[in-house]
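Following: one structure in structure tokens, then a few remarks.
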Amino acid sequence: MATLLSGAPVAQALSQEIEQNCSVLRAHGITPTFGIVRVGARPDDLAYERGVSKRAEKLGVSIRTFTLPEDVSEEQLISTLEQINEDDTIHGCLLFRPLPPSLDAQKISRVLSPKKDVDAITTASMGGLLTNVQVGFAPCTATACLKLLHYYQIPLQGKRIVVVGKSVTVGLPTALLMMNEDATVSVCHILTQPEDTRAMCRNADIIISAAGCANLIRADYVHPGQVVVDVGINVGPDGKMCGDVAFSEVEPIVGAITPVPGGVGAVTSTVLIGHTVEAAMRTLSEQS
């Protein structure tokens with residue numbers, strides 16, 4: 001039976017660190033503040049906003065929500081982001097995506113200051129990740145994978161890691177974070193031949209799957225002793241949430257595995273709040 005890499009204790013450990021940093025900030029008269037920019041009212045955005053707001057307030061982080069209509073003009077959205085850039089009391093900002101197709105998402109993402117870009121939507125933030133230089137922050141889900149592996153003291157240096165999925169929001173930044181840990185990283189994606197993906201996964205020490213494909217990673221992809229991190233959030237044929245990994249097949253074989261739900265996803269929102277508090281701490285450091 002594999003060790004279950006639950007996200008709850010990881011989130012709890014991160015929360016304690018966040019609360020300590022909030023105490024330091026409050027002692028200097030600073031309330032860490034998180035700005036949420038939402039266009040329209042998509043149910044998944046609203047659900048995530050409620051969850052993040054509840055966790056933020058519990059940890060002592062203030063929330064400011066900027067709600068814009070579905071038919072918002074590009075100029076109005078840009079003006080809102082510029083307002084956030086100029087407001088020194090807002091330390092981190094999350095812009096819900098995807099944006100309506102009428103808006104130029106790339107143009108808009110360039111407006112937000114990297115210092116307040118807590119989920120790496122800006123080119124500058126991704127450039128900092130590529131060069132391993134502190135500019136903005138890495139995407140929260142990718143960071144959550146790294147935090148989880150660190151918490152469970154899983155060695156990364158020199159390990160063979162396969163990342164399945166190359167999206168700019170999860171797969172690619174996860175691969176970069178792992179390379180920055182001196183791991184040997186391979187990336188598989190939708191155009192990788194299935195037999196090659198299976199072979200590379202079987203040869204890996206750690207598999208991180210962020211493909212968004214239910215039950216993609218099956219028993220013939222793994223071997224005993226491996227660590228499997230399942231980032232996927234999918235709806236299975238039975239209507240229940242499941243990951244990219246066929247858990248019932250893979251769990252009896254591997255050494256350690258994250259559950260879905262209750263794995264990486266449980267850490268991500270805490271990382272988001274942590275990035276906001278870290279942004280506030282950087283501001284405090286600059287003032288010193």
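Order determines the names: the first chain of the structure tokens is A, the second B, and so forth; residues in each chain are numbered 1 upward, and ligands are numbered 1 upward as they are shown.
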
Would you mind listing what lies within 6 Å of segment 152-167 of chain A as number ranges by chain, with only C-alpha atoms counted and same-chain residues fewer than 5 positions away left out? A: 172, 181-189, 204-211

Could the residues in this selection be saved with C-alpha atoms as a short mmCIF file (atom, residue, chain, number, x, y, z; two decimals), in the first residue's frame?
```cif
data_model
loop_
_atom_site.label_atom_id
_atom_site.label_comp_id
_atom_site.auth_asym_id
_atom_site.auth_seq_id
_atom_site.Cartn_x
_atom_site.Cartn_y
_atom_site.Cartn_z
CA LEU A 172 5.61 23.98 -17.96
CA GLU A 181 15.73 21.81 -7.86
CA ASP A 182 18.39 20.08 -10.02
CA ALA A 183 16.12 17.22 -11.05
CA THR A 184 16.40 15.58 -14.47
CA VAL A 185 13.07 16.47 -16.08
CA SER A 186 11.20 15.12 -19.09
CA VAL A 187 7.91 16.55 -20.33
CA CYS A 188 5.23 14.55 -22.14
CA HIS A 189 2.22 16.13 -23.82
CA ALA A 204 10.85 7.91 -13.69
CA ASP A 205 11.43 8.29 -9.97
CA ILE A 206 8.59 10.81 -9.75
CA ILE A 207 5.57 11.30 -12.03
CA ILE A 208 3.68 14.60 -11.94
CA SER A 209 0.58 14.44 -14.08
CA ALA A 210 -1.14 17.69 -15.09
CA ALA A 211 -2.75 16.57 -18.33
#
```

Near Arg64 of chain A, within 7 Å and counting only C-alpha atoms, which residues show up once chain neighbours fewer than 6 positions away are dropped, as a JSON list (two decimals) with all heavy atoms, in the first residue's frame?
```json
[["chain", "number", "residue", "atom", "x", "y", "z"],
["A", 34, "PHE", "N", -5.23, 41.22, -0.42],
["A", 34, "PHE", "CA", -5.29, 40.44, -1.65],
["A", 34, "PHE", "C", -6.42, 40.97, -2.52],
["A", 34, "PHE", "O", -7.57, 41.07, -2.07],
["A", 34, "PHE", "CB", -5.52, 38.97, -1.29],
["A", 34, "PHE", "CG", -5.66, 38.03, -2.44],
["A", 34, "PHE", "CD1", -4.72, 38.02, -3.46],
["A", 34, "PHE", "CD2", -6.71, 37.13, -2.50],
["A", 34, "PHE", "CE1", -4.84, 37.14, -4.53],
["A", 34, "PHE", "CE2", -6.84, 36.25, -3.55],
["A", 34, "PHE", "CZ", -5.89, 36.25, -4.57],
["A", 35, "GLY", "N", -6.12, 41.37, -3.75],
["A", 35, "GLY", "CA", -7.12, 41.85, -4.68],
["A", 35, "GLY", "C", -7.57, 40.76, -5.64],
["A", 35, "GLY", "O", -6.74, 40.06, -6.22],
["A", 36, "ILE", "N", -8.86, 40.60, -5.78],
["A", 36, "ILE", "CA", -9.43, 39.63, -6.73],
["A", 36, "ILE", "C", -10.16, 40.41, -7.82],
["A", 36, "ILE", "O", -11.05, 41.22, -7.52],
["A", 36, "ILE", "CB", -10.40, 38.66, -6.04],
["A", 36, "ILE", "CG1", -9.67, 37.79, -5.01],
["A", 36, "ILE", "CG2", -11.12, 37.79, -7.07],
["A", 36, "ILE", "CD1", -10.59, 36.88, -4.22]]
```

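Proximity ranking of A:Ser285, A:Thr270, A:Ser248, A:Thr192 relative to Cys140 of chain A places A:Thr270 first, based on only C-alpha atoms.
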
If you count only C-alpha atoms, which residues fall within 6 Å of segment 141-144 of chain A, apart from same-chain ones fewer than 5 positions away, as number ranges by chain? A: 170, 174, 267-268

Please save C-alpha atoms of the selected residues as a CSV table (one decimal), in the first residue's frame.
```
chain,number,residue,atom,x,y,z
A,170,VAL,CA,0.8,24.1,-14.6
A,174,THR,CA,6.2,22.7,-12.7
A,267,VAL,CA,-2.5,23.2,-1.0
A,268,THR,CA,-3.0,25.6,-4.0
```

DSSP says helix (DSSP H, G or I) for which residues of segment 47-258 of chain A? Put them as number ranges by chain? A: 47-59, 74-86, 105-109, 114-116, 123-131, 140-151, 171-180, 194-202, 219-221, 247-250

Give me, as number ranges by chain, all polymer residues having an atom no more than 12 Å from Gln16 of chain A, counting only C-alpha atoms and skipping those fewer than 5 positions away in the same chain. A: 9-11, 21-23, 58-60, 270, 274
